[in-house]
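Participant: Below you'll find model_37.cif; it's mmCIF, C-alpha atoms and all ligand atoms.
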data_work
#
loop_
_atom_site.label_atom_id
_atom_site.label_comp_id
_atom_site.auth_asym_id
_atom_site.auth_seq_id
_atom_site.Cartn_x
_atom_site.Cartn_y
_atom_site.Cartn_z
CA MET A 28 -3.63 -12.93 9.89
CA ASN A 29 -3.05 -9.22 9.31
CA THR A 30 -5.93 -8.36 6.99
CA LYS A 31 -4.53 -4.89 6.32
CA VAL A 32 -1.30 -6.42 4.97
CA GLU A 33 -3.22 -9.07 3.01
CA LYS A 34 -5.35 -6.42 1.29
CA PHE A 35 -2.22 -4.48 0.42
CA ARG A 36 -0.41 -7.58 -0.82
CA LYS A 37 -3.34 -8.43 -3.07
CA SER A 38 -3.29 -4.92 -4.56
CA ILE A 39 0.43 -4.90 -5.27
CA VAL A 40 0.32 -8.37 -6.80
CA GLU A 41 -2.46 -7.08 -9.08
CA MET A 42 -0.22 -4.13 -9.98
CA GLY A 43 2.45 -6.58 -11.07
CA VAL A 44 5.20 -5.54 -8.65
CA ASP A 45 7.34 -8.05 -6.69
CA ALA A 46 7.40 -5.95 -3.56
CA ALA A 47 6.53 -2.56 -2.14
CA ILE A 48 8.43 -0.36 0.28
CA VAL A 49 6.39 1.78 2.66
CA PHE A 50 7.73 4.35 5.10
CA LYS A 51 5.25 7.21 5.33
CA PRO A 52 4.62 7.07 9.10
CA GLU A 53 0.83 6.58 8.91
CA ASN A 54 1.10 3.92 6.19
CA ARG A 55 3.88 2.15 8.06
CA ARG A 56 1.86 2.15 11.26
CA TYR A 57 -1.26 1.00 9.42
CA LEU A 58 0.46 -2.07 8.00
CA SER A 59 2.82 -3.00 10.84
CA GLY A 60 1.53 -1.43 14.05
CA PHE A 61 4.90 0.28 14.51
CA THR A 62 4.60 3.64 16.31
CA GLY A 63 8.26 4.73 16.17
CA SER A 64 9.73 7.29 13.84
CA ALA A 65 12.05 5.30 11.55
CA GLY A 66 11.70 2.05 9.65
CA TYR A 67 10.71 0.52 6.33
CA VAL A 68 7.88 -1.91 5.76
CA VAL A 69 8.67 -4.18 2.80
CA ILE A 70 5.89 -6.45 1.60
CA THR A 71 6.75 -9.08 -0.99
CA GLU A 72 4.56 -11.80 -2.44
CA LYS A 73 5.46 -14.09 0.47
CA LYS A 74 7.18 -12.01 3.14
CA ASN A 75 6.48 -9.16 5.56
CA LEU A 76 9.73 -7.41 6.45
CA PHE A 77 10.31 -4.58 8.88
CA ILE A 78 13.70 -3.00 8.33
CA THR A 79 14.90 -0.56 10.95
CA ASP A 80 17.99 0.69 12.77
CA PHE A 81 19.42 -0.25 16.16
CA ARG A 82 17.21 2.20 18.07
CA TYR A 83 13.99 0.43 17.04
CA VAL A 84 14.87 -3.25 16.92
CA GLN A 85 13.35 -4.08 20.32
CA GLN A 86 10.28 -1.92 19.76
CA SER A 87 9.55 -3.35 16.32
CA ASN A 88 9.98 -6.90 17.63
CA LYS A 89 7.22 -6.13 20.10
CA GLN A 90 4.87 -4.14 17.86
CA CYS A 91 5.18 -5.62 14.37
CA LYS A 92 3.33 -8.93 14.67
CA GLY A 93 3.89 -11.27 11.72
CA PHE A 94 6.90 -9.31 10.47
CA GLU A 95 10.48 -10.47 10.15
CA ILE A 96 12.63 -7.74 11.73
CA ILE A 97 15.86 -6.86 9.95
CA GLU A 98 18.37 -4.33 11.23
CA HIS A 99 20.03 -2.05 8.72
CA THR A 100 23.52 -0.92 9.64
CA ASN A 101 26.38 1.02 8.07
CA ASP A 102 27.65 -2.25 6.63
CA ARG A 103 24.29 -3.48 5.44
CA LYS A 104 22.21 -0.57 4.28
CA ILE A 105 18.55 -0.62 3.29
CA TYR A 106 19.64 -0.79 -0.39
CA ASP A 107 21.79 -3.86 0.30
CA ILE A 108 18.89 -5.62 1.99
CA LEU A 109 16.58 -4.79 -0.92
CA ASN A 110 19.20 -5.96 -3.43
CA GLU A 111 19.49 -9.29 -1.59
CA LEU A 112 15.78 -9.85 -2.35
CA GLY A 113 16.51 -9.91 -6.10
CA LEU A 114 13.53 -7.72 -7.02
CA LYS A 115 12.60 -6.63 -10.53
CA LYS A 116 9.81 -4.17 -9.75
CA LEU A 117 9.46 -2.28 -6.47
CA GLY A 118 6.39 -0.21 -5.58
CA PHE A 119 7.05 3.04 -3.72
CA GLU A 120 5.01 5.84 -2.19
CA ASP A 121 5.21 8.47 -4.92
CA GLY A 122 3.15 10.90 -2.84
CA PHE A 123 5.67 10.73 -0.01
CA MET A 124 9.18 9.79 -1.18
CA THR A 125 11.38 12.83 -1.75
CA VAL A 126 13.20 13.44 -5.01
CA SER A 127 16.57 12.83 -3.35
CA GLN A 128 15.40 9.54 -1.80
CA TYR A 129 14.10 8.49 -5.20
CA LYS A 130 17.45 9.26 -6.80
CA ASP A 131 19.24 7.24 -4.11
CA PHE A 132 16.96 4.27 -4.69
CA GLU A 133 17.43 4.54 -8.44
CA GLU A 134 21.18 4.70 -8.13
CA LYS A 135 21.75 2.07 -5.46
CA LEU A 136 19.24 -0.64 -6.36
CA ASN A 137 20.47 -3.11 -8.98
CA ASP A 138 18.19 -3.33 -12.02
CA VAL A 139 15.05 -2.57 -10.08
CA GLU A 140 12.24 -0.67 -11.73
CA LEU A 141 10.52 1.74 -9.32
CA ILE A 142 6.74 1.74 -9.72
CA PRO A 143 4.54 4.43 -8.11
CA LEU A 144 1.94 2.98 -5.72
CA LYS A 145 -0.31 6.02 -6.36
CA ASP A 146 -3.48 5.81 -4.26
CA THR A 147 -3.25 2.09 -3.41
CA LEU A 148 -2.79 2.64 0.33
CA PRO A 149 -5.10 5.68 0.72
CA LYS A 150 -7.86 3.60 -0.90
CA ILE A 151 -7.33 0.64 1.44
CA ARG A 152 -7.02 2.89 4.49
CA ALA A 153 -10.24 4.75 3.64
CA ILE A 154 -12.36 1.76 4.70
CA LYS A 155 -11.98 1.20 8.42
CA ASP A 156 -12.29 -2.01 10.40
CA GLU A 157 -14.20 -2.23 13.66
CA ASP A 158 -11.16 -1.59 15.84
CA GLU A 159 -10.24 1.52 13.89
CA ILE A 160 -13.80 2.85 14.13
CA ASN A 161 -13.72 2.28 17.89
CA GLU A 162 -10.50 4.31 18.24
CA ILE A 163 -12.02 7.14 16.18
CA ARG A 164 -15.23 6.91 18.21
CA LYS A 165 -13.20 7.35 21.39
CA ALA A 166 -11.30 10.32 19.88
CA ALA A 167 -14.66 11.89 18.95
CA GLU A 168 -15.99 11.32 22.48
CA ILE A 169 -13.01 13.18 23.96
CA ALA A 170 -13.64 16.05 21.52
CA ASP A 171 -17.32 16.21 22.53
CA LYS A 172 -16.39 16.34 26.22
CA THR A 173 -13.90 19.09 25.40
CA PHE A 174 -16.56 21.18 23.66
CA GLU A 175 -18.81 20.95 26.70
CA TYR A 176 -15.93 22.03 28.94
CA ILE A 177 -14.98 24.93 26.65
CA CYS A 178 -18.57 26.21 26.60
CA GLY A 179 -18.22 26.57 30.36
CA ILE A 180 -15.16 28.82 30.16
CA LEU A 181 -15.91 30.90 27.04
CA LYS A 182 -16.67 34.45 28.09
CA PRO A 183 -15.77 38.00 27.06
CA GLY A 184 -12.16 38.78 28.00
CA ILE A 185 -10.59 35.35 27.35
CA THR A 186 -8.24 35.20 24.36
CA GLU A 187 -8.47 32.74 21.49
CA TRP A 188 -5.01 31.53 22.47
CA GLU A 189 -6.09 30.75 26.03
CA VAL A 190 -9.07 28.82 24.67
CA SER A 191 -6.82 26.76 22.39
CA LEU A 192 -4.50 25.94 25.31
CA GLU A 193 -7.52 24.83 27.34
CA ILE A 194 -8.71 22.64 24.44
CA GLU A 195 -5.33 20.94 24.18
CA ALA A 196 -4.85 20.43 27.92
CA PHE A 197 -8.38 19.09 28.42
CA MET A 198 -8.05 16.59 25.57
CA LYS A 199 -4.71 15.33 26.89
CA LYS A 200 -6.04 15.03 30.44
CA ASN A 201 -8.87 12.95 29.04
CA GLY A 202 -6.79 10.33 27.27
CA ALA A 203 -5.65 11.95 24.03
CA SER A 204 -1.99 11.73 23.06
CA GLY A 205 -2.18 15.06 21.25
CA THR A 206 -4.24 17.29 19.00
CA SER A 207 -4.94 16.03 15.50
CA PHE A 208 -4.14 19.54 14.12
CA GLU A 209 -3.56 23.02 15.47
CA SER A 210 -6.90 24.06 16.98
CA ILE A 211 -8.91 26.72 15.20
CA VAL A 212 -10.38 29.31 17.53
CA ALA A 213 -11.61 32.18 15.40
CA SER A 214 -13.77 34.90 16.94
CA GLY A 215 -15.57 38.01 15.70
CA ILE A 216 -14.65 38.94 12.15
CA ARG A 217 -11.80 36.39 12.35
CA SER A 218 -14.47 33.69 12.19
CA SER A 219 -14.71 34.53 8.48
CA LEU A 220 -11.27 32.91 8.12
CA PRO A 221 -12.06 29.25 7.39
CA HIS A 222 -8.74 28.23 8.97
CA GLY A 223 -8.18 30.95 11.57
CA ILE A 224 -5.87 29.31 14.06
CA ALA A 225 -6.01 30.80 17.55
CA SER A 226 -4.51 34.29 17.85
CA HIS A 227 -4.06 36.58 20.84
CA LYS A 228 -7.34 38.33 20.04
CA VAL A 229 -9.60 38.89 23.03
CA ILE A 230 -13.05 37.37 22.64
CA GLU A 231 -15.79 39.97 22.94
CA ASP A 232 -19.51 40.17 23.52
CA GLY A 233 -21.42 39.60 20.28
CA ASP A 234 -18.63 37.54 18.66
CA PHE A 235 -19.18 34.40 16.70
CA VAL A 236 -16.56 31.89 17.90
CA THR A 237 -15.69 29.02 15.58
CA LEU A 238 -13.99 26.12 17.36
CA ASP A 239 -12.53 23.46 15.07
CA PHE A 240 -10.42 20.88 16.83
CA GLY A 241 -9.75 17.21 17.36
CA CYS A 242 -7.48 14.81 19.16
CA ILE A 243 -5.47 11.67 18.57
CA TYR A 244 -6.41 8.50 20.42
CA ASN A 245 -4.27 5.38 19.83
CA GLY A 246 -3.05 6.98 16.62
CA TYR A 247 -6.53 7.79 15.28
CA CYS A 248 -7.87 11.31 14.82
CA SER A 249 -11.11 13.11 15.50
CA ASP A 250 -12.24 16.38 13.94
CA MET A 251 -15.26 18.52 14.85
CA THR A 252 -16.42 22.12 14.57
CA ARG A 253 -19.00 24.11 16.46
CA THR A 254 -19.72 27.83 16.20
CA VAL A 255 -21.21 29.66 19.20
CA VAL A 256 -22.17 33.26 19.91
CA ILE A 257 -20.92 35.18 22.95
CA GLY A 258 -24.00 36.92 24.35
CA LYS A 259 -27.12 37.37 22.23
CA ALA A 260 -27.02 36.48 18.54
CA SER A 261 -28.04 39.16 16.02
CA ASP A 262 -30.64 38.42 13.35
CA LYS A 263 -27.91 38.18 10.71
CA GLN A 264 -25.91 35.75 12.86
CA LYS A 265 -29.02 33.61 13.34
CA GLU A 266 -29.77 33.68 9.62
CA ILE A 267 -26.29 32.49 8.63
CA TYR A 268 -26.16 29.90 11.40
CA ASN A 269 -29.47 28.36 10.42
CA ILE A 270 -28.54 28.11 6.75
CA VAL A 271 -25.30 26.27 7.61
CA LEU A 272 -27.16 23.99 9.99
CA GLU A 273 -29.80 23.17 7.38
CA ALA A 274 -27.09 22.40 4.81
CA GLN A 275 -25.10 20.31 7.30
CA GLU A 276 -28.13 18.24 8.31
CA ALA A 277 -29.27 17.74 4.72
CA ALA A 278 -25.81 16.40 3.85
CA LEU A 279 -25.95 14.06 6.87
CA LYS A 280 -29.15 12.59 5.44
CA ALA A 281 -27.51 12.18 2.02
CA ILE A 282 -24.32 10.46 3.17
CA LYS A 283 -24.49 6.70 2.61
CA SER A 284 -22.72 3.95 0.73
CA GLY A 285 -22.87 4.46 -3.04
CA VAL A 286 -23.13 8.26 -3.00
CA THR A 287 -20.13 10.13 -4.48
CA GLY A 288 -18.21 12.85 -2.67
CA PHE A 289 -19.46 15.23 -5.35
CA GLU A 290 -23.12 14.33 -4.73
CA ALA A 291 -22.89 14.69 -0.94
CA ASP A 292 -21.17 18.06 -1.34
CA LYS A 293 -23.82 19.23 -3.80
CA VAL A 294 -26.66 18.63 -1.34
CA ALA A 295 -25.18 21.13 1.14
CA ARG A 296 -23.86 23.49 -1.53
CA ASP A 297 -27.23 23.81 -3.28
CA ILE A 298 -28.94 24.89 -0.04
CA ILE A 299 -26.30 27.54 0.67
CA LYS A 300 -26.44 28.74 -2.96
CA GLU A 301 -30.20 28.95 -2.97
CA LYS A 302 -30.09 31.22 0.10
CA GLY A 303 -27.68 33.57 -1.68
CA TYR A 304 -24.47 32.61 0.13
CA GLY A 305 -22.95 30.33 -2.53
CA ASP A 306 -19.89 32.55 -2.94
CA TYR A 307 -19.16 32.32 0.77
CA PHE A 308 -18.74 28.53 0.91
CA GLY A 309 -15.33 28.19 -0.69
CA HIS A 310 -14.17 24.77 0.48
CA GLY A 311 -15.31 21.19 0.12
CA LEU A 312 -17.96 19.55 2.30
CA GLY A 313 -15.61 17.13 4.00
CA HIS A 314 -12.80 14.59 4.02
CA GLY A 315 -11.89 11.17 5.30
CA VAL A 316 -10.44 10.86 8.82
CA GLY A 317 -8.27 8.08 10.25
CA LEU A 318 -4.60 7.88 11.13
CA GLU A 319 -4.43 11.25 9.38
CA VAL A 320 -6.94 14.01 9.96
CA HIS A 321 -7.21 14.62 6.22
CA GLU A 322 -7.24 11.48 4.11
CA SER A 323 -9.34 9.78 1.44
CA PRO A 324 -12.11 10.12 0.40
CA ARG A 325 -12.76 13.69 -0.57
CA LEU A 326 -16.24 15.23 -0.42
CA SER A 327 -16.16 18.30 -2.66
CA PRO A 328 -17.16 19.60 -6.10
CA LEU A 329 -14.11 17.64 -7.31
CA GLY A 330 -14.94 14.52 -5.24
CA LYS A 331 -14.84 11.56 -7.61
CA ASP A 332 -14.62 8.99 -4.80
CA THR A 333 -17.69 6.92 -4.05
CA LEU A 334 -18.52 6.61 -0.36
CA ARG A 335 -18.42 3.04 0.93
CA GLU A 336 -19.54 1.36 4.12
CA ASN A 337 -17.16 2.00 7.05
CA MET A 338 -15.46 5.01 5.60
CA VAL A 339 -15.16 7.72 8.26
CA VAL A 340 -15.77 11.21 6.87
CA THR A 341 -16.62 14.73 7.98
CA ASP A 342 -19.63 16.84 7.01
CA GLU A 343 -18.60 20.48 7.46
CA PRO A 344 -20.23 23.15 5.36
CA GLY A 345 -19.64 26.79 6.25
CA ILE A 346 -20.45 30.36 5.30
CA TYR A 347 -17.72 32.98 5.67
CA VAL A 348 -18.64 36.64 5.17
CA PRO A 349 -15.55 38.87 5.10
CA ASP A 350 -15.61 41.68 7.68
CA PHE A 351 -18.62 40.12 9.35
CA GLY A 352 -17.88 36.60 10.50
CA GLY A 353 -18.48 32.99 9.68
CA VAL A 354 -20.06 29.75 10.75
CA ARG A 355 -18.97 26.17 10.25
CA ILE A 356 -20.58 23.08 11.74
CA GLU A 357 -18.70 19.79 11.45
CA ASP A 358 -19.60 16.27 12.45
CA LEU A 359 -17.57 13.10 12.09
CA VAL A 360 -19.61 10.18 10.70
CA VAL A 361 -19.23 6.53 9.72
CA VAL A 362 -20.70 5.74 6.30
CA LYS A 363 -23.19 2.87 6.44
CA GLU A 364 -25.17 0.93 3.83
CA ASP A 365 -28.33 3.02 4.29
CA GLY A 366 -27.08 6.19 5.91
CA CYS A 367 -24.46 7.15 8.43
CA GLU A 368 -23.64 6.84 12.11
CA ILE A 369 -22.87 10.24 13.63
CA LEU A 370 -19.88 10.06 15.99
CA SER A 371 -19.99 13.74 17.05
CA LYS A 372 -22.67 14.10 19.69
CA SER A 373 -22.33 17.77 20.69
CA PRO A 374 -25.50 19.88 20.34
CA LYS A 375 -25.97 21.78 17.10
CA HIS A 376 -28.59 24.41 17.93
CA LEU A 377 -27.20 27.95 18.12
CA ILE A 378 -25.57 28.20 21.55
CA GLU A 379 -25.54 31.73 23.05
CA LEU A 380 -23.09 31.98 25.97
ZN ZN B 1 -12.30 20.34 11.51
ZN ZN B 2 -12.45 18.67 8.94
#
Would you write the structure of this file as structure tokens?
Ligand code: ZN
Ligand code: ZN
Facilitator:
Amino acid sequence: MNTKVEKFRKSIVEMGVDAAIVFKPENRRYLSGFTGSAGYVVITEKKNLFITDFRYVQQSNKQCKGFEIIEHTNDRKIYDILNELGLKKLGFEDGFMTVSQYKDFEEKLNDVELIPLKDTLPKIRAIKDEDEINEIRKAAEIADKTFEYICGILKPGITEWEVSLEIEAFMKKNGASGTSFESIVASGIRSSLPHGIASHKVIEDGDFVTLDFGCIYNGYCSDMTRTVVIGKASDKQKEIYNIVLEAQEAALKAIKSGVTGFEADKVARDIIKEKGYGDYFGHGLGHGVGLEVHESPRLSPLGKDTLRENMVVTDEPGIYVPDFGGVRIEDLVVVKEDGCEILSKSPKHLIEL
């Protein structure tokens, strides 16, 4: 039995819809196992349908276990197939469907009320099963190995761009199918940009270098950040680094089932505030990671979600001082009943290269 589909079916039945259509790629893959780029998952009270075009019939037959595969064609469009089901209320992904798709559905479905699914799937996806955690664990391992390799090649004269190419190539050579987002390599005063993607800047002696990257392994993402210094760290660099580290480790101790995203964030934020850098930590503490690198739950001053066992989240406070530089330290963790399991194993003391 596909427990992911059963959880989803239970939720939509509770919502009072007859069926739901899902085609956001990560949601579709989550429910069906399908890795291709086009197809609709339709879950009804009794049936699991995978509706796709000619290109993906063979692939979906192989990948979508427990699904009835239906081909849509020019003569029998997706709307015709849905109309044949005689639905009254159809759930849809309001966070994903475009306005023009919505209008098409409204126009071409006969007497079907479209009901937004809201955060039904993000909520289900937030809690990982053992297989999912193992994929993320593997993605985190590849990222750790990559950090070790990058520390060996970081030196004055190399550009941020070259470092990002090395990160990507190393991750792919070590089993990743791709990067989970465009790698951040931000050096010198650019490290004060929280999302400074690699530029052609040459890395120099005395620079902070913030490396924020991750890879995809069997569809699942990793995400980690380390900040290093090229050469000897100045007193100010050490001061900022140690505050971020203290905040990051305090939040690690706070993360466990039952704590809200707001509370976890506050633990790190209070430490940074107390040291006088509160205005320089302008983003949330972390986010969920899974098939997407940013997903539920949210750990931030606005984080209403409560952390639950087997959620996978990041802990990534930072301090960014304009015209000086910045530090972020990010670990990927699995929330447990009494704490958390840290998946990122790379060292966190200040590394001077
Ligand atoms: Zn990151
Ligand atoms: Zn992150």
Participant: For A:Arg296, work out the shell of residues within 8 Å, counting all atoms listed in the file and skipping chain neighbours fewer than 5 positions away, then give it as a PyMOL selection string.
Facilitator: chain A and resi 274+305+308+344
Participant: At a cut-off of 9 Å around ligand ZN 2 (chain B), and using only C-alpha atoms and all ligand atoms, what residues come up? Please write them as number ranges by chain.
Facilitator: A: 239-241, 249-252, 312-316, 320-321, 340-343, 357-359
Participant: For a quick check of understanding, using all atoms listed in the file, which of A:Asp156, A:Glu193, A:Glu273, A:Asp232 has the smallest distance to A:Ile356?
Facilitator: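 Looking at the shortest contact to A:Ile356, the residue is A:Glu273.
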Participant: Find the distance between atom CA of A:Lys300 and atom CA of A:Gly345 and write it in Å to one decimal.
Facilitator: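 Result for atom CA of A:Lys300 versus atom CA of A:Gly345: 11.6 Å, one decimal.
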Participant: Go through stretch 209-305 of chain A and flag each residue having an atom no more than 12 Å from stretch 55-68 of chain A; for those, report the closest pair of atoms plus their distance in Å to one decimal, using all atoms listed in the file, ordered by chain and rising number, as a tab-separated table.
Facilitator:
residue	atom	partner	partner_atom	distance
A:Asn245	CA	A:Thr62	CA	9.7
A:Gly246	CA	A:Thr62	CA	8.4
A:Tyr247	CA	A:Tyr57	CA	10.4
Participant: Please return, as a list in words, all polymer residues that have at least one atom within 12 Å of the point (-14.1, 28.6, 29.3); use all atoms listed in the file and the file's own coordinate frame.
Facilitator: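 Protein and nucleic acid residues near the point are Thr173, Phe174, Glu175, Tyr176, Ile177, Cys178, Gly179, Ile180, Leu181, Lys182, Pro183, Gly184, Ile185, Thr186, Glu187, Trp188, Glu189, Val190, Ser191, Leu192, Glu193, Ile194, Phe197, Ile230, Ile257 and Leu380 of chain A.
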Participant: Restricting the output to C-alpha atoms, write the selected residues as a compact mmCIF listing (two decimals), in the frame of the given file.
Facilitator:
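Wrote result-v5.txt, looks like this:
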# COMPACT_ATOMS: atom_id res chain seq x y z
CA THR A 173 -13.90 19.09 25.40
CA PHE A 174 -16.56 21.18 23.66
CA GLU A 175 -18.81 20.95 26.70
CA TYR A 176 -15.93 22.03 28.94
CA ILE A 177 -14.98 24.93 26.65
CA CYS A 178 -18.57 26.21 26.60
CA GLY A 179 -18.22 26.57 30.36
CA ILE A 180 -15.16 28.82 30.16
CA LEU A 181 -15.91 30.90 27.04
CA LYS A 182 -16.67 34.45 28.09
CA PRO A 183 -15.77 38.00 27.06
CA GLY A 184 -12.16 38.78 28.00
CA ILE A 185 -10.59 35.35 27.35
CA THR A 186 -8.24 35.20 24.36
CA GLU A 187 -8.47 32.74 21.49
CA TRP A 188 -5.01 31.53 22.47
CA GLU A 189 -6.09 30.75 26.03
CA VAL A 190 -9.07 28.82 24.67
CA SER A 191 -6.82 26.76 22.39
CA LEU A 192 -4.50 25.94 25.31
CA GLU A 193 -7.52 24.83 27.34
CA ILE A 194 -8.71 22.64 24.44
CA PHE A 197 -8.38 19.09 28.42
CA ILE A 230 -13.05 37.37 22.64
CA ILE A 257 -20.92 35.18 22.95
CA LEU A 380 -23.09 31.98 25.97
Participant: Grab the atom CA of A:Ala170 to atom CA of A:Asp332 distance for me, in Å with one decimal place.
Facilitator: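 Pair atom CA of A:Ala170 / atom CA of A:Asp332 returns 27.3 Å.
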Participant: A:Ile48: which residues within 12 Å, counting all atoms listed in the file, same-chain residues fewer than 4 positions away excluded, as a ChimeraX atom specification?
Facilitator: /A:35-36,39,44,54-55,58,66-71,75-78,105-106,108-109,114,116-121,123-124,129,132,141-144,148
Participant: For the selection you just gave me, I'd like the residues written to a file as a PDB file, in the frame of the given file, keeping C-alpha atoms.
Facilitator:
ATOM      1  CA  PHE A  35      -2.220  -4.480   0.420  1.00  0.00           C
ATOM      2  CA  ARG A  36      -0.410  -7.580  -0.820  1.00  0.00           C
ATOM      3  CA  ILE A  39       0.430  -4.900  -5.270  1.00  0.00           C
ATOM      4  CA  VAL A  44       5.200  -5.540  -8.650  1.00  0.00           C
ATOM      5  CA  ASN A  54       1.100   3.920   6.190  1.00  0.00           C
ATOM      6  CA  ARG A  55       3.880   2.150   8.060  1.00  0.00           C
ATOM      7  CA  LEU A  58       0.460  -2.070   8.000  1.00  0.00           C
ATOM      8  CA  GLY A  66      11.700   2.050   9.650  1.00  0.00           C
ATOM      9  CA  TYR A  67      10.710   0.520   6.330  1.00  0.00           C
ATOM     10  CA  VAL A  68       7.880  -1.910   5.760  1.00  0.00           C
ATOM     11  CA  VAL A  69       8.670  -4.180   2.800  1.00  0.00           C
ATOM     12  CA  ILE A  70       5.890  -6.450   1.600  1.00  0.00           C
ATOM     13  CA  THR A  71       6.750  -9.080  -0.990  1.00  0.00           C
ATOM     14  CA  ASN A  75       6.480  -9.160   5.560  1.00  0.00           C
ATOM     15  CA  LEU A  76       9.730  -7.410   6.450  1.00  0.00           C
ATOM     16  CA  PHE A  77      10.310  -4.580   8.880  1.00  0.00           C
ATOM     17  CA  ILE A  78      13.700  -3.000   8.330  1.00  0.00           C
ATOM     18  CA  ILE A 105      18.550  -0.620   3.290  1.00  0.00           C
ATOM     19  CA  TYR A 106      19.640  -0.790  -0.390  1.00  0.00           C
ATOM     20  CA  ILE A 108      18.890  -5.620   1.990  1.00  0.00           C
ATOM     21  CA  LEU A 109      16.580  -4.790  -0.920  1.00  0.00           C
ATOM     22  CA  LEU A 114      13.530  -7.720  -7.020  1.00  0.00           C
ATOM     23  CA  LYS A 116       9.810  -4.170  -9.750  1.00  0.00           C
ATOM     24  CA  LEU A 117       9.460  -2.280  -6.470  1.00  0.00           C
ATOM     25  CA  GLY A 118       6.390  -0.210  -5.580  1.00  0.00           C
ATOM     26  CA  PHE A 119       7.050   3.040  -3.720  1.00  0.00           C
ATOM     27  CA  GLU A 120       5.010   5.840  -2.190  1.00  0.00           C
ATOM     28  CA  ASP A 121       5.210   8.470  -4.920  1.00  0.00           C
ATOM     29  CA  PHE A 123       5.670  10.730  -0.010  1.00  0.00           C
ATOM     30  CA  MET A 124       9.180   9.790  -1.180  1.00  0.00           C
ATOM     31  CA  TYR A 129      14.100   8.490  -5.200  1.00  0.00           C
ATOM     32  CA  PHE A 132      16.960   4.270  -4.690  1.00  0.00           C
ATOM     33  CA  LEU A 141      10.520   1.740  -9.320  1.00  0.00           C
ATOM     34  CA  ILE A 142       6.740   1.740  -9.720  1.00  0.00           C
ATOM     35  CA  PRO A 143       4.540   4.430  -8.110  1.00  0.00           C
ATOM     36  CA  LEU A 144       1.940   2.980  -5.720  1.00  0.00           C
ATOM     37  CA  LEU A 148      -2.790   2.640   0.330  1.00  0.00           C
TER      38      LEU A 148
END
Participant: Considering only C-alpha atoms, state which residue in the set A:Arg152, A:Lys165, A:Lys263, A:Asn337 is at the smallest distance from A:Glu53.
Facilitator: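 Ranked by minimum distance to A:Glu53, first place goes to A:Arg152.
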